[in-house]
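> Below you'll find the structure I mean.
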Amino acid sequence: MLRDPTFIGTVQDVHGATITVELSNDTVTGLSFVRGEGYRIGQVGSFVRIPIGFFDLYGVVSQVGAGAAPQREQEQRVYGNRWITVQMVGEGERSGRQFKRGISQHPTIEDRVHIVTEADLRGIYGAGEPDDFVAVGHLASAESIPALVNINKLVTRHSAVVGTTGSGKSTTVAGLLNSLSESSHYPSARIVVLDIHGEYSKALSDRAAVFRVSEDATKAQKALRVPFWALSFEELTALTFGKLGDDNGAKTAAIADAIVQLKKDSLRNQPREGIDETRITVDSPIPFCIHQLWLDLYRREHQTVIAKPGGGQDELEPAYVLDANGQPAQLGDAMAVMPPAYRTVKTSGPKDQQINWSRSPEPLNLRQQLAGLASRLRDPRMSFLFNPGDWLPDVDGKTKRDLDTLLEEWIGGQEPITILDLSGIPSSILNDLIGALLRILYDAIFWARNLPEGGRHRPLLLVLEEAHAYLAKENSGAAATAVRRIAKEGRKYGVGMMIVSQRPSEIDSTILSQCGTIFAMRLANDTDRSHVASAASDNLKGLFEMLPILRTGEAIIVGEAVSLPVRTLISAPSLDKRPDSADPCVVVPGNKNEGFDGPAGWSQGRDPSNYPRMVKHWRMQNPHIFVQERDMEWIVTQSSNISRFAYDTDSKVLTVEFNSGGMYNYFDVPEAVFNDLRNAASKGQYLAQQIKGNYRYARA
Ligand SMILES: Nc1ncnc2c1ncn2[C@@H]1O[C@H](COP(=O)(O)OP(=O)(O)O)[C@@H](O)[C@H]1O
Ligand SMILES: [Mg+2]
């Protein structure tokens, strides 16, 4: 019988999903040729096929050589190098090759084991309706085979993208989001990105609405507003009073009562559909004036009283500080966070002149917390929360706009992607804020589950960048609570998450284990690796041992969205669609005469600096540079290689855009040279002869 070139050995041991294969004598050399293609036999991470009847079982090689041999054989040492260990992962019908995860039958002793050829792989990975799948790259072992990811599973069963800094996580996510928001395939895509470093607005500028706390209107950013009154009581107290030091719960109860009362008043002044006064709780998303709450509580703590002139025996009135005309100097102003001025306690002198603490209602001993609240209400960095524009309740609790417009902006806008750029948010409140944002979004979708706005009709994908920053393991914070809830039940209501992190071991393992699909990129740290391996649904220790040696942009994708675990080279999106996260270079290739390949670095001359501008950006708390097109007077050319150029007289920078799309800055170019270029008959020739090589340049 002619030898089948794909045959490599026979099954000798089956232990659950782990099987041990003894290589045949012909194959221990390591290389086999099938239809002219060479295959390395038994490489860790490669696949094998075991035909059983009409089915093919598939497995992944996890160990090769002496260690893979059964104990008995290891002792003899003779055949040590002839063994491989394989983890079974799935099965498929031979005809039609419908591939399924999991196996319904086990191989047994002496079953024949084959290498999986490119043709087999194409059958496994290339399956499925085109609209259900996106290509994220190609197999690391076969460039011609695209790595397809099932979108249904990817979005609703949650996913995680993990890897060391610089392994390519953000680039992978940007590429995925680009594919998922492709309007020709997915005109109703709905994605919200929580972007704590402000990396994504550049990558997704053509299809995302960007919300930012200190928004830059010139960049078409919108203002991020999170009305405090949409928060639950617990979320709100964390962001306002902080710790109440409440022994018997009296303070909490008193504050909650006050808020319920204010919400009732507000509803009376401005009725809202879906709720009436009797059903209001402290958590109902109903506007109330927090400034008024502060003033009421301030009075309760600080008010002093004096006998009312001409009043009865026990009639008292507030003892305000009086001005020259005998009028109260400062009654207090809620919206301006201005406290009333009271006279100090005085217990000597005639009874009607005595000044005492007001004891009705009894003070709550909250002075410190109220001072904290007042300073937060005044803090401009918190105004997105306490001073949320059209959603700011006046003292009667009335607002110009309601939550519907807020939600519509976030998850119902024209663009498929919403980027909530949280880079200007004080880190002390980031956790609570993200928790509140996620809870607001999730609650809205949860209760709208049967409506067209809900997640069942139009699923929502939440992308959580740098998630370890707020999902730490022991963290009982608001963010972890919200994410845990979505991880557990989001699937049912059409809310999926993509968790991106460089420290998977710091993420709560209940969250990580709910991620049906994992994109594991280069990951050197042992603890991180074992966390990822144990979170993955497939039993694939061997595959994860490759994580430290993956190249940048390479990922092992395991889980529900891929038919088989796959080592993939992710295709990076085009340069203008990558996140703003490229590593700075200290040494940039190139030299002084010929220019440098990329911006900045120690190896090229200094760019003109402008430190006042540096301080301006710091004060604005906004890293984005906006090059206003109209400030650059472009001169368009008919040249065969230069499309247009512009000159800045202050910095003496000549900017040239080539027809190929590249744009370069030439530094320290005298104005006369620019004028000569402008007047030159052949711009391309002048540039080549007079400018290139004479002036330092760098790609813009
Ligand atoms: N698939 C890829 N192909 C080519 N370059 C990539 C790829 N993925 C990432 N890079 C590059 O690697 C660097 C780091 O990528 P980034 O996505 O920011 O990593 P991370 O988010 O994991 O820190 C960037 O300069 C990026 O352009
Ligand atoms: Mg990143």
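Chain labels run A, B, ... following the order of the structure tokens; each chain numbers its residues from 1, and ligands are numbered from 1 in the order shown.
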Based on the backbone DSSP call, show me all residues of region 357-529 of chain A assigned strand (DSSP E or B), as a list of chain:residue names.
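DSSP on the backbone gives strand (DSSP E or B) at A:Trp357, A:Ile417, A:Thr418, A:Ile419, A:Leu420, A:Asp421, A:Leu460, A:Leu461, A:Leu462, A:Val463, A:Leu464, A:Ala472, A:Val495, A:Gly496, A:Met497, A:Met498, A:Ile499, A:Val500, A:Ser501, A:Ile507, A:Thr517, A:Ile518, A:Phe519, A:Ala520.
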> Neighbours of ligand 2 at 10 Å or closer, counting only C-alpha atoms and all ligand atoms: which residues, as a PDB file with C-alpha atoms, in the first residue's frame?

ATOM      1  CA  VAL A 162      -4.583  40.518  26.734  1.00  0.00           C
ATOM      2  CA  GLY A 163      -0.862  41.058  26.262  1.00  0.00           C
ATOM      3  CA  THR A 164       2.150  42.983  27.499  1.00  0.00           C
ATOM      4  CA  THR A 165       2.368  46.701  26.704  1.00  0.00           C
ATOM      5  CA  GLY A 166       3.375  47.075  23.102  1.00  0.00           C
ATOM      6  CA  SER A 167       2.232  43.613  22.059  1.00  0.00           C
ATOM      7  CA  GLY A 168      -0.398  45.141  19.787  1.00  0.00           C
ATOM      8  CA  LYS A 169      -3.629  45.074  21.796  1.00  0.00           C
ATOM      9  CA  SER A 170      -4.879  48.528  20.927  1.00  0.00           C
ATOM     10  CA  THR A 171      -3.972  48.045  17.285  1.00  0.00           C
ATOM     11  CA  THR A 172      -5.888  44.761  17.231  1.00  0.00           C
ATOM     12  CA  VAL A 173      -8.899  46.399  18.821  1.00  0.00           C
ATOM     13  CA  ALA A 174      -8.774  49.306  16.373  1.00  0.00           C
ATOM     14  CA  ASP A 195     -10.942  55.107  26.214  1.00  0.00           C
ATOM     15  CA  HIS A 197      -5.881  57.268  27.401  1.00  0.00           C
ATOM     16  CA  GLU A 199      -6.020  56.770  21.919  1.00  0.00           C
ATOM     17  CA  TYR A 200      -8.877  55.892  19.669  1.00  0.00           C
ATOM     18  CA  GLU A 465      -9.450  49.655  27.397  1.00  0.00           C
ATOM     19  CA  GLU A 466      -6.789  49.264  30.085  1.00  0.00           C
ATOM     20  CA  VAL A 500      -8.445  44.902  27.041  1.00  0.00           C
ATOM     21  CA  SER A 501      -5.655  44.571  29.568  1.00  0.00           C
ATOM     22  CA  GLN A 502      -1.928  44.147  30.005  1.00  0.00           C
ATOM     23  CA  PRO A 579      -4.566  54.078  17.742  1.00  0.00           C
ATOM     24  CA  ASP A 580      -2.461  56.915  18.990  1.00  0.00           C
ATOM     25  CA  SER A 581      -0.188  54.583  20.895  1.00  0.00           C
ATOM     26  CA  ALA A 582       2.934  54.003  18.810  1.00  0.00           C
TER      27      ALA A 582
END
> Could you tell me how far CA of Phe233 (chain A) sits from CA of Ile507 (chain A), in Å to one decimal place?
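CA of Phe233 (chain A) lies 26.0 Å from CA of Ile507 (chain A).
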> Do you have the CA of Ser214 (chain A)-CA of Ala478 (chain A) distance handy?
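That distance, rounded to one decimal, is 23.4 Å.
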> Neighbours of His138 (chain A) within 12 Å (only C-alpha atoms; same-chain residues fewer than 4 positions away dropped), as a ChimeraX atom specification?
/A:121-122,125-126,134,142-149,553-557,566-572
> Which residue out of A:Arg449, A:Arg522, A:Lys351, A:Lys398 has the minimum interatomic distance to Lys264 (chain A) when only C-alpha atoms are used?
A:Lys398
> Which residue, A:Arg207, A:Pro287, A:Ile115, A:Ile191, has the smallest gap to Leu460 (chain A) when you use only C-alpha atoms?
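Ranking A:Arg207, A:Pro287, A:Ile115, A:Ile191 by distance to Leu460 (chain A), first place goes to A:Ile191.
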> Counting only C-alpha atoms, which residue out of A:Cys515, A:Ile109, A:Ile306, A:Ala258 sits closest to Arg491 (chain A)?
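Of all the options, A:Cys515 lies closest to Arg491 (chain A).
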> With only C-alpha atoms as the counted atoms, please give the residues lying no more than 10 Å from Ala17 (chain A), apart from itself and same-chain residues fewer than 6 positions off, as a list in words.
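Everything that qualifies: Gly59, Val86, Gln87, Met88, Val89, Gly102, Ile103, His106, Pro107 and Asn539 of chain A.
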> List every residue of region 432-464 of chain A that DSSP, applied to the backbone of this structure, places in helix (DSSP H, G or I), and write the result as a list in words.
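So, restricting region 432-464 of chain A to helix (DSSP H, G or I), we get Asp432, Leu433, Ile434, Gly435, Ala436, Leu437, Leu438, Arg439, Ile440, Leu441, Tyr442, Asp443, Ala444, Ile445, Phe446 and Trp447 of chain A.
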> So which residues touch Asn665 (chain A) within 6 Å, counting only C-alpha atoms, skipping near sequence neighbours fewer than 4 positions away, as a PyMOL selection string?
chain A and resi 654-655+697-698+700
> Now that the selection is made, can you save its residues with N, CA and C atoms as a PDB file, in the first residue's frame?

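So out01.pdb came out as:
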ATOM      1  N   LEU A 654       8.669  73.818   6.010  1.00  0.00           N
ATOM      2  CA  LEU A 654       8.002  73.604   4.732  1.00  0.00           C
ATOM      3  C   LEU A 654       7.361  72.223   4.778  1.00  0.00           C
ATOM      4  N   THR A 655       6.050  72.164   4.560  1.00  0.00           N
ATOM      5  CA  THR A 655       5.353  70.883   4.598  1.00  0.00           C
ATOM      6  C   THR A 655       4.981  70.480   3.174  1.00  0.00           C
ATOM      7  N   TYR A 697      14.722  66.791   7.293  1.00  0.00           N
ATOM      8  CA  TYR A 697      13.280  66.575   7.173  1.00  0.00           C
ATOM      9  C   TYR A 697      12.841  65.343   7.955  1.00  0.00           C
ATOM     10  N   ALA A 698      11.542  65.272   8.175  1.00  0.00           N
ATOM     11  CA  ALA A 698      10.970  64.123   8.885  1.00  0.00           C
ATOM     12  C   ALA A 698       9.557  63.933   8.393  1.00  0.00           C
ATOM     13  N   ALA A 700       5.764  63.794   8.466  1.00  0.00           N
ATOM     14  CA  ALA A 700       4.829  64.510   9.345  1.00  0.00           C
ATOM     15  C   ALA A 700       3.809  63.539   9.903  1.00  0.00           C
TER      16      ALA A 700
END
> How far is it from CA of Met497 (chain A) to CA of Thr517 (chain A), in Å with one decimal?
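These two atoms are separated by 10.6 Å.
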> For ligand 1, which of A:Phe55, A:Phe519, A:Tyr686, A:Trp634 is the closest residue, counting only C-alpha atoms and all ligand atoms?
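Of A:Phe55, A:Phe519, A:Tyr686, A:Trp634, the one nearest ligand 1, counting only C-alpha atoms and all ligand atoms, is A:Phe519.
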> Ranking A:Leu438, A:Leu523, A:Met382, A:Val193 by minimum distance to ligand 1 and counting only C-alpha atoms and all ligand atoms, which one comes first?
A:Leu523
> Using only C-alpha atoms and all ligand atoms for the distances, tell me which of A:Gln353, A:Thr552, A:Ser574, A:Asn694 is nearest to ligand 1.
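Ranked by minimum distance to ligand 1, first place goes to A:Thr552.
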> Need the shell around Gln221 (chain A): protein/DNA/RNA residues with any atom at most 9 Å away, counting only C-alpha atoms. Skip same-chain ones fewer than 4 positions apart. Format as number ranges by chain?
A: 209-212, 215-217
> With N, CA and C atoms retained, write the just-selected residues as a PDB file, in the first residue's frame.

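Final output, saved to out29.pdb:
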ATOM      1  N   ALA A 209     -18.325  59.059  17.161  1.00  0.00           N
ATOM      2  CA  ALA A 209     -18.596  60.309  17.854  1.00  0.00           C
ATOM      3  C   ALA A 209     -17.739  60.296  19.107  1.00  0.00           C
ATOM      4  N   VAL A 210     -16.984  61.374  19.329  1.00  0.00           N
ATOM      5  CA  VAL A 210     -16.076  61.406  20.466  1.00  0.00           C
ATOM      6  C   VAL A 210     -16.647  62.331  21.533  1.00  0.00           C
ATOM      7  N   PHE A 211     -16.772  61.801  22.736  1.00  0.00           N
ATOM      8  CA  PHE A 211     -17.218  62.608  23.863  1.00  0.00           C
ATOM      9  C   PHE A 211     -16.051  62.772  24.817  1.00  0.00           C
ATOM     10  N   ARG A 212     -15.853  64.005  25.265  1.00  0.00           N
ATOM     11  CA  ARG A 212     -14.716  64.247  26.120  1.00  0.00           C
ATOM     12  C   ARG A 212     -15.118  65.285  27.152  1.00  0.00           C
ATOM     13  N   GLU A 215     -13.969  69.171  26.137  1.00  0.00           N
ATOM     14  CA  GLU A 215     -14.047  68.880  24.720  1.00  0.00           C
ATOM     15  C   GLU A 215     -13.384  69.982  23.902  1.00  0.00           C
ATOM     16  N   ASP A 216     -12.889  69.562  22.736  1.00  0.00           N
ATOM     17  CA  ASP A 216     -12.271  70.497  21.817  1.00  0.00           C
ATOM     18  C   ASP A 216     -13.235  70.625  20.645  1.00  0.00           C
ATOM     19  N   ALA A 217     -14.026  71.696  20.671  1.00  0.00           N
ATOM     20  CA  ALA A 217     -15.103  71.810  19.687  1.00  0.00           C
ATOM     21  C   ALA A 217     -14.565  71.839  18.262  1.00  0.00           C
TER      22      ALA A 217
END
> Neighbouring residues of Glu301 (chain A) were defined as those with any atom within 9 Å, considering only C-alpha atoms; residues of the same chain fewer than 4 positions away were excluded. Please report them as a list in words.
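Neighbouring residues, sequence-local ones excluded: Asp296, Leu297, Trp357, Ser358, Glu362, Pro363, Leu364, Asn365, Leu366 and Arg367 of chain A.
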